[in-house]
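With PDB, C-alpha atoms, pLDDT in the B column inside, this is my_file_29.pdb:
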```pdb
ATOM      1  CA  PRO A   1      31.688  -7.029  17.592  1.00 59.00           C
ATOM      2  CA  PHE A   2      28.008  -7.859  17.527  1.00 68.00           C
ATOM      3  CA  GLY A   3      26.905  -4.232  16.983  1.00 76.00           C
ATOM      4  CA  ALA A   4      28.945  -3.920  13.797  1.00 82.00           C
ATOM      5  CA  ALA A   5      27.518  -7.173  12.445  1.00 81.00           C
ATOM      6  CA  LEU A   6      23.998  -6.003  13.239  1.00 84.00           C
ATOM      7  CA  ARG A   7      24.576  -2.662  11.471  1.00 88.00           C
ATOM      8  CA  ARG A   8      25.896  -4.528   8.429  1.00 90.00           C
ATOM      9  CA  VAL A   9      23.013  -6.988   8.100  1.00 92.00           C
ATOM     10  CA  ALA A  10      20.073  -4.822   9.215  1.00 93.00           C
ATOM     11  CA  PRO A  11      19.551  -3.027   5.859  1.00 95.00           C
ATOM     12  CA  VAL A  12      19.701  -6.331   3.998  1.00 96.00           C
ATOM     13  CA  ALA A  13      17.218  -7.942   6.394  1.00 95.00           C
ATOM     14  CA  VAL A  14      14.765  -5.035   6.109  1.00 96.00           C
ATOM     15  CA  ASP A  15      15.041  -5.042   2.313  1.00 96.00           C
ATOM     16  CA  ARG A  16      14.418  -8.799   2.098  1.00 97.00           C
ATOM     17  CA  ALA A  17      11.483  -8.607   4.511  1.00 97.00           C
ATOM     18  CA  ILE A  18       9.822  -5.815   2.528  1.00 97.00           C
ATOM     19  CA  ARG A  19      10.331  -7.646  -0.762  1.00 97.00           C
ATOM     20  CA  GLU A  20       8.871 -10.789   0.784  1.00 96.00           C
ATOM     21  CA  ILE A  21       5.548  -9.295   1.858  1.00 97.00           C
ATOM     22  CA  ILE A  22       4.974  -6.207  -0.291  1.00 97.00           C
ATOM     23  CA  GLN A  23       3.336  -7.902  -3.277  1.00 97.00           C
ATOM     24  CA  PRO A  24       0.597  -9.863  -1.484  1.00 97.00           C
ATOM     25  CA  VAL A  25      -0.157  -7.002   0.923  1.00 97.00           C
ATOM     26  CA  VAL A  26      -0.389  -4.419  -1.872  1.00 97.00           C
ATOM     27  CA  GLU A  27      -2.504  -6.680  -4.095  1.00 97.00           C
ATOM     28  CA  ARG A  28      -4.975  -7.480  -1.339  1.00 97.00           C
ATOM     29  CA  SER A  29      -5.256  -3.913  -0.065  1.00 97.00           C
ATOM     30  CA  VAL A  30      -5.586  -2.391  -3.525  1.00 98.00           C
ATOM     31  CA  THR A  31      -8.200  -4.900  -4.664  1.00 97.00           C
ATOM     32  CA  ILE A  32     -10.408  -4.285  -1.635  1.00 97.00           C
ATOM     33  CA  ALA A  33      -9.923  -0.502  -1.767  1.00 98.00           C
ATOM     34  CA  CYS A  34     -10.641  -0.256  -5.511  1.00 97.00           C
ATOM     35  CA  ILE A  35     -13.831  -2.319  -5.382  1.00 97.00           C
ATOM     36  CA  THR A  36     -15.098  -0.371  -2.372  1.00 97.00           C
ATOM     37  CA  THR A  37     -14.181   3.009  -3.850  1.00 97.00           C
ATOM     38  CA  LYS A  38     -15.700   2.290  -7.243  1.00 95.00           C
ATOM     39  CA  GLU A  39     -19.004   1.180  -5.748  1.00 94.00           C
ATOM     40  CA  LEU A  40     -19.205   4.081  -3.286  1.00 95.00           C
ATOM     41  CA  CYS A  41     -18.258   6.728  -5.842  1.00 93.00           C
ATOM     42  CA  LEU A  42     -20.663   5.449  -8.474  1.00 89.00           C
ATOM     43  CA  LYS A  43     -23.459   5.390  -5.892  1.00 91.00           C
ATOM     44  CA  ASP A  44     -22.732   8.573  -3.977  1.00 91.00           C
ATOM     45  CA  LEU A  45     -21.718  10.642  -7.001  1.00 89.00           C
ATOM     46  CA  ALA A  46     -24.277   9.220  -9.439  1.00 85.00           C
ATOM     47  CA  THR A  47     -25.651  12.664 -10.228  1.00 83.00           C
ATOM     48  CA  GLU A  48     -22.290  14.454 -10.479  1.00 84.00           C
ATOM     49  CA  PRO A  49     -21.824  15.469 -14.132  1.00 79.00           C
ATOM     50  CA  ASP A  50     -18.197  16.622 -13.712  1.00 84.00           C
ATOM     51  CA  GLU A  51     -15.986  13.592 -14.289  1.00 87.00           C
ATOM     52  CA  HIS A  52     -12.971  15.436 -12.837  1.00 90.00           C
ATOM     53  CA  ARG A  53     -14.673  15.755  -9.446  1.00 92.00           C
ATOM     54  CA  VAL A  54     -15.662  12.073  -9.481  1.00 92.00           C
ATOM     55  CA  ARG A  55     -12.127  11.042 -10.446  1.00 94.00           C
ATOM     56  CA  ARG A  56     -10.522  13.206  -7.744  1.00 96.00           C
ATOM     57  CA  ALA A  57     -12.953  11.955  -5.101  1.00 96.00           C
ATOM     58  CA  ALA A  58     -12.203   8.361  -6.103  1.00 96.00           C
ATOM     59  CA  GLN A  59      -8.454   8.962  -5.982  1.00 97.00           C
ATOM     60  CA  LEU A  60      -8.616  10.490  -2.514  1.00 97.00           C
ATOM     61  CA  MET A  61     -10.848   7.727  -1.199  1.00 97.00           C
ATOM     62  CA  VAL A  62      -8.876   4.850  -2.699  1.00 98.00           C
ATOM     63  CA  SER A  63      -5.519   6.224  -1.576  1.00 97.00           C
ATOM     64  CA  ASN A  64      -6.701   6.517   2.023  1.00 97.00           C
ATOM     65  CA  LEU A  65      -8.396   3.110   2.018  1.00 98.00           C
ATOM     66  CA  ALA A  66      -5.527   1.254   0.347  1.00 98.00           C
ATOM     67  CA  GLY A  67      -2.895   2.914   2.523  1.00 97.00           C
ATOM     68  CA  SER A  68      -4.752   2.152   5.744  1.00 97.00           C
ATOM     69  CA  LEU A  69      -5.489  -1.437   4.733  1.00 97.00           C
ATOM     70  CA  ALA A  70      -1.871  -2.023   3.731  1.00 97.00           C
ATOM     71  CA  LEU A  71      -0.608  -0.551   6.993  1.00 96.00           C
ATOM     72  CA  VAL A  72      -2.889  -2.707   9.132  1.00 96.00           C
ATOM     73  CA  THR A  73      -2.185  -5.807   7.052  1.00 95.00           C
ATOM     74  CA  CYS A  74       1.602  -5.534   6.899  1.00 96.00           C
ATOM     75  CA  LYS A  75       2.658  -4.485  10.391  1.00 96.00           C
ATOM     76  CA  GLU A  76       2.929  -7.830  12.199  1.00 96.00           C
ATOM     77  CA  PRO A  77       4.064  -9.942   9.217  1.00 97.00           C
ATOM     78  CA  LEU A  78       6.763  -7.361   8.474  1.00 97.00           C
ATOM     79  CA  ARG A  79       8.007  -7.367  12.079  1.00 96.00           C
ATOM     80  CA  VAL A  80       8.229 -11.185  12.038  1.00 97.00           C
ATOM     81  CA  SER A  81       9.923 -11.225   8.635  1.00 97.00           C
ATOM     82  CA  ILE A  82      12.538  -8.619   9.582  1.00 96.00           C
ATOM     83  CA  ALA A  83      13.380 -10.577  12.739  1.00 95.00           C
ATOM     84  CA  LYS A  84      13.590 -13.841  10.783  1.00 96.00           C
ATOM     85  CA  HIS A  85      15.951 -12.355   8.199  1.00 96.00           C
ATOM     86  CA  LEU A  86      18.084 -10.699  10.892  1.00 93.00           C
ATOM     87  CA  ARG A  87      18.482 -14.007  12.735  1.00 91.00           C
ATOM     88  CA  SER A  88      19.335 -15.794   9.502  1.00 93.00           C
ATOM     89  CA  LEU A  89      21.920 -13.215   8.437  1.00 91.00           C
ATOM     90  CA  LEU A  90      23.484 -13.026  11.913  1.00 87.00           C
ATOM     91  CA  ALA A  91      23.821 -16.802  11.983  1.00 85.00           C
ATOM     92  CA  GLN A  92      26.042 -16.517   8.898  1.00 86.00           C
ATOM     93  CA  GLN A  93      28.448 -14.143  10.696  1.00 78.00           C
ATOM     94  CA  PRO A  94      31.632 -15.432  12.331  1.00 72.00           C
ATOM     95  CA  PRO A  95      30.848 -16.859  15.807  1.00 65.00           C
ATOM     96  CA  ALA A  96      33.023 -14.292  17.557  1.00 54.00           C
ATOM     97  CA  SER A  97      30.888 -11.459  16.182  1.00 48.00           C
ATOM     98  CA  PHE A  98      27.906 -12.015  18.449  1.00 52.00           C
ATOM     99  CA  GLY A  99      27.444 -12.517  22.146  1.00 53.00           C
ATOM    100  CA  ALA A 100      24.960 -14.207  24.398  1.00 67.00           C
ATOM    101  CA  GLU A 101      21.734 -15.520  22.927  1.00 75.00           C
ATOM    102  CA  ALA A 102      19.585 -13.303  25.138  1.00 76.00           C
ATOM    103  CA  ALA A 103      21.444 -10.177  24.012  1.00 78.00           C
ATOM    104  CA  GLU A 104      21.167 -11.273  20.405  1.00 81.00           C
ATOM    105  CA  ALA A 105      17.428 -11.941  20.699  1.00 86.00           C
ATOM    106  CA  HIS A 106      16.874  -8.557  22.313  1.00 88.00           C
ATOM    107  CA  ALA A 107      18.938  -6.803  19.640  1.00 87.00           C
ATOM    108  CA  VAL A 108      17.013  -8.573  16.859  1.00 90.00           C
ATOM    109  CA  GLN A 109      13.648  -7.592  18.324  1.00 93.00           C
ATOM    110  CA  THR A 110      14.781  -4.003  18.914  1.00 93.00           C
ATOM    111  CA  CYS A 111      16.182  -3.665  15.410  1.00 93.00           C
ATOM    112  CA  ALA A 112      12.999  -5.118  13.896  1.00 94.00           C
ATOM    113  CA  ALA A 113      10.836  -2.704  15.900  1.00 95.00           C
ATOM    114  CA  GLU A 114      12.998   0.301  14.987  1.00 94.00           C
ATOM    115  CA  ASN A 115      12.799  -0.469  11.260  1.00 95.00           C
ATOM    116  CA  LEU A 116       9.122  -1.413  11.202  1.00 95.00           C
ATOM    117  CA  ASP A 117       7.795   2.094  10.535  1.00 95.00           C
ATOM    118  CA  LEU A 118      10.112   2.562   7.566  1.00 95.00           C
ATOM    119  CA  GLY A 119       9.013  -0.720   6.008  1.00 96.00           C
ATOM    120  CA  CYS A 120       5.338   0.002   6.644  1.00 97.00           C
ATOM    121  CA  MET A 121       5.685   3.454   5.108  1.00 97.00           C
ATOM    122  CA  LEU A 122       7.200   2.032   1.926  1.00 97.00           C
ATOM    123  CA  ILE A 123       4.512  -0.642   1.630  1.00 97.00           C
ATOM    124  CA  GLU A 124       1.767   1.924   2.314  1.00 97.00           C
ATOM    125  CA  LYS A 125       3.199   4.212  -0.393  1.00 98.00           C
ATOM    126  CA  ALA A 126       3.312   1.367  -2.921  1.00 98.00           C
ATOM    127  CA  ALA A 127      -0.301   0.434  -2.148  1.00 98.00           C
ATOM    128  CA  THR A 128      -1.483   4.033  -2.439  1.00 98.00           C
ATOM    129  CA  GLU A 129       0.221   4.578  -5.802  1.00 98.00           C
ATOM    130  CA  LYS A 130      -1.065   1.323  -7.276  1.00 98.00           C
ATOM    131  CA  ALA A 131      -4.578   1.962  -5.977  1.00 98.00           C
ATOM    132  CA  ILE A 132      -4.758   5.362  -7.665  1.00 97.00           C
ATOM    133  CA  ARG A 133      -3.677   3.839 -10.998  1.00 97.00           C
ATOM    134  CA  ASP A 134      -6.103   0.942 -10.654  1.00 97.00           C
ATOM    135  CA  VAL A 135      -9.130   3.049  -9.670  1.00 97.00           C
ATOM    136  CA  ASP A 136      -8.488   5.353 -12.624  1.00 95.00           C
ATOM    137  CA  ASP A 137      -8.564   2.300 -14.903  1.00 96.00           C
ATOM    138  CA  ALA A 138     -11.693   0.926 -13.222  1.00 95.00           C
ATOM    139  CA  LEU A 139     -13.605   4.201 -13.526  1.00 94.00           C
ATOM    140  CA  ALA A 140     -12.381   5.133 -17.021  1.00 93.00           C
ATOM    141  CA  PRO A 141     -15.438   3.822 -18.947  1.00 91.00           C
ATOM    142  CA  THR A 142     -17.897   5.518 -16.583  1.00 88.00           C
ATOM    143  CA  LEU A 143     -16.009   8.794 -16.619  1.00 88.00           C
ATOM    144  CA  LYS A 144     -15.773   8.679 -20.413  1.00 89.00           C
ATOM    145  CA  ALA A 145     -19.557   8.276 -20.652  1.00 85.00           C
ATOM    146  CA  ARG A 146     -20.071  11.280 -18.362  1.00 83.00           C
ATOM    147  CA  ARG A 147     -17.698  13.371 -20.455  1.00 85.00           C
ATOM    148  CA  GLN A 148     -19.414  12.374 -23.699  1.00 85.00           C
ATOM    149  CA  ARG A 149     -22.873  13.224 -22.347  1.00 82.00           C
ATOM    150  CA  ARG A 150     -21.610  16.575 -21.098  1.00 80.00           C
ATOM    151  CA  GLU A 151     -19.949  17.374 -24.449  1.00 84.00           C
ATOM    152  CA  LEU A 152     -23.184  16.494 -26.291  1.00 85.00           C
ATOM    153  CA  GLY A 153     -25.180  18.670 -23.933  1.00 81.00           C
ATOM    154  CA  GLN A 154     -27.177  15.712 -22.660  1.00 78.00           C
ATOM    155  CA  PRO A 155     -28.167  15.614 -19.004  1.00 70.00           C
ATOM    156  CA  PHE A 156     -26.462  13.128 -16.739  1.00 67.00           C
ATOM    157  CA  GLY A 157     -27.782  11.509 -13.583  1.00 59.00           C
ATOM    158  CA  VAL A 158     -31.242  12.036 -12.077  1.00 47.00           C
ATOM    159  CA  GLU A 159     -32.261  14.758 -14.552  1.00 47.00           C
ATOM    160  CA  ALA A 160     -31.619  12.307 -17.417  1.00 45.00           C
ATOM    161  CA  LEU A 161     -34.315  10.012 -16.012  1.00 37.00           C
ATOM    162  CA  GLY A 162     -37.105  12.566 -15.998  1.00 35.00           C
TER     163      GLY A 162
END
```
This entry written out as structure tokens:
Amino acid sequence: PFGAALRRVAPVAVDRAIREIIQPVVERSVTIACITTKELCLKDLATEPDEHRVRRAAQLMVSNLAGSLALVTCKEPLRVSIAKHLRSLLAQQPPASFGAEAAEAHAVQTCAAENLDLGCMLIEKAATEKAIRDVDDALAPTLKARRQRRELGQPFGVEALG
């Protein structure tokens, strides 16, 4: 029956759809989030001598930005990709295993919608994890300089100017 075929191919379709769009979505979201976070943190926390606070603030900001950007960016392309892969995999099933075209189209759209949140969550998680790693790398030289100044007892930020 059609339901059994759909249950068999749905996990494969979702997996293929995620693999298809995850890399470009994560790269784009992480790049934008890291640049924005670095600039905002260096500006807003310019006088913060504690590099741990700056690092933590940057990690929180970049994880929220990257996750939100990835979620917004991936939702519709993922829905379309899941549906495309479902249709393709169902077309490879024996003809007796699916019914009318209208029922099949409805089942494909329903299955894609039901699996969309799972796919988005996985993509959002990947973007968040990569963004945290990347922002740490981007801020490393600045944070090292703050640590060195603190260890030498030199002022950092506005008081260093005066």
Could you tell me which residues the PyMOL selection byres ((chain A and resi 138) around 12) returns for this structure, as a PDB file with C-alpha atoms, in the frame of the given file?
```
ATOM      1  CA  VAL A  30      -5.586  -2.391  -3.525  1.00 98.00           C
ATOM      2  CA  THR A  31      -8.200  -4.900  -4.664  1.00 97.00           C
ATOM      3  CA  ALA A  33      -9.923  -0.502  -1.767  1.00 98.00           C
ATOM      4  CA  CYS A  34     -10.641  -0.256  -5.511  1.00 97.00           C
ATOM      5  CA  ILE A  35     -13.831  -2.319  -5.382  1.00 97.00           C
ATOM      6  CA  THR A  36     -15.098  -0.371  -2.372  1.00 97.00           C
ATOM      7  CA  THR A  37     -14.181   3.009  -3.850  1.00 97.00           C
ATOM      8  CA  LYS A  38     -15.700   2.290  -7.243  1.00 95.00           C
ATOM      9  CA  GLU A  39     -19.004   1.180  -5.748  1.00 94.00           C
ATOM     10  CA  CYS A  41     -18.258   6.728  -5.842  1.00 93.00           C
ATOM     11  CA  LEU A  42     -20.663   5.449  -8.474  1.00 89.00           C
ATOM     12  CA  ARG A  55     -12.127  11.042 -10.446  1.00 94.00           C
ATOM     13  CA  ALA A  58     -12.203   8.361  -6.103  1.00 96.00           C
ATOM     14  CA  GLN A  59      -8.454   8.962  -5.982  1.00 97.00           C
ATOM     15  CA  VAL A  62      -8.876   4.850  -2.699  1.00 98.00           C
ATOM     16  CA  ALA A 131      -4.578   1.962  -5.977  1.00 98.00           C
ATOM     17  CA  ILE A 132      -4.758   5.362  -7.665  1.00 97.00           C
ATOM     18  CA  ARG A 133      -3.677   3.839 -10.998  1.00 97.00           C
ATOM     19  CA  ASP A 134      -6.103   0.942 -10.654  1.00 97.00           C
ATOM     20  CA  VAL A 135      -9.130   3.049  -9.670  1.00 97.00           C
ATOM     21  CA  ASP A 136      -8.488   5.353 -12.624  1.00 95.00           C
ATOM     22  CA  ASP A 137      -8.564   2.300 -14.903  1.00 96.00           C
ATOM     23  CA  LEU A 139     -13.605   4.201 -13.526  1.00 94.00           C
ATOM     24  CA  ALA A 140     -12.381   5.133 -17.021  1.00 93.00           C
ATOM     25  CA  PRO A 141     -15.438   3.822 -18.947  1.00 91.00           C
ATOM     26  CA  THR A 142     -17.897   5.518 -16.583  1.00 88.00           C
ATOM     27  CA  LEU A 143     -16.009   8.794 -16.619  1.00 88.00           C
ATOM     28  CA  LYS A 144     -15.773   8.679 -20.413  1.00 89.00           C
TER      29      LYS A 144
END
```
Selection dump of the PyMOL selection byres ((chain A and resi 22) around 12), as an NGL selection string: :A and (14-21 or 23-30 or 70-71 or 73-75 or 77-78 or 81 or 119-127 or 130)
Go through A:Ala112, A:Ile32, A:Ala145, A:Val80 and flag the residue nearest Pro11 of chain A, using all atoms listed in the file for the distances.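 Among A:Ala112, A:Ile32, A:Ala145, A:Val80, it is A:Ala112 that comes nearest to Pro11 of chain A.
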Atomic separation - atom CA of Leu152 of chain A relative to atom CA of Met61 of chain A, Å: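 Separation between atom CA of Met61 of chain A and atom CA of Leu152 of chain A: 29.3 Å.
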So which one's closest to Val54 of chain A, A:His106, A:Arg8, A:Arg147, A:Lys84? Using only C-alpha atoms, please. A:Arg147
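The space between atom CA of Asp44 of chain A and atom CA of Ala57 of chain A spans 10.4 Å.
The gap separating atom CA of Thr128 of chain A from atom CA of Ser63 of chain A is 4.7 Å, in Å to one decimal.
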Name the closest residue to Ala4 of chain A among the candidates A:Gln93, A:Lys43, A:Ser68, A:His52; distances are taken between atoms, counting all atoms listed in the file.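 So, comparing all the options, the nearest one is A:Gln93.
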I need the residue nearest Asp50 of chain A from this list: A:Arg146, A:Glu104, A:Pro94, A:Ala66. Use all atoms listed in the file for the distance. A:Arg146
Given only C-alpha atoms as the basis, pick out the residue of A:Ala83, A:Leu45, A:Ala107, A:Leu90 nearest to Ala5 of chain A.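 Looking at the shortest contact to Ala5 of chain A, the residue is A:Leu90.
Comparing the minimum interatomic distances between Val9 of chain A and each of A:Leu118, A:Val108, A:Leu89, A:Leu40, counting only C-alpha atoms, we find that A:Leu89 sits nearest.
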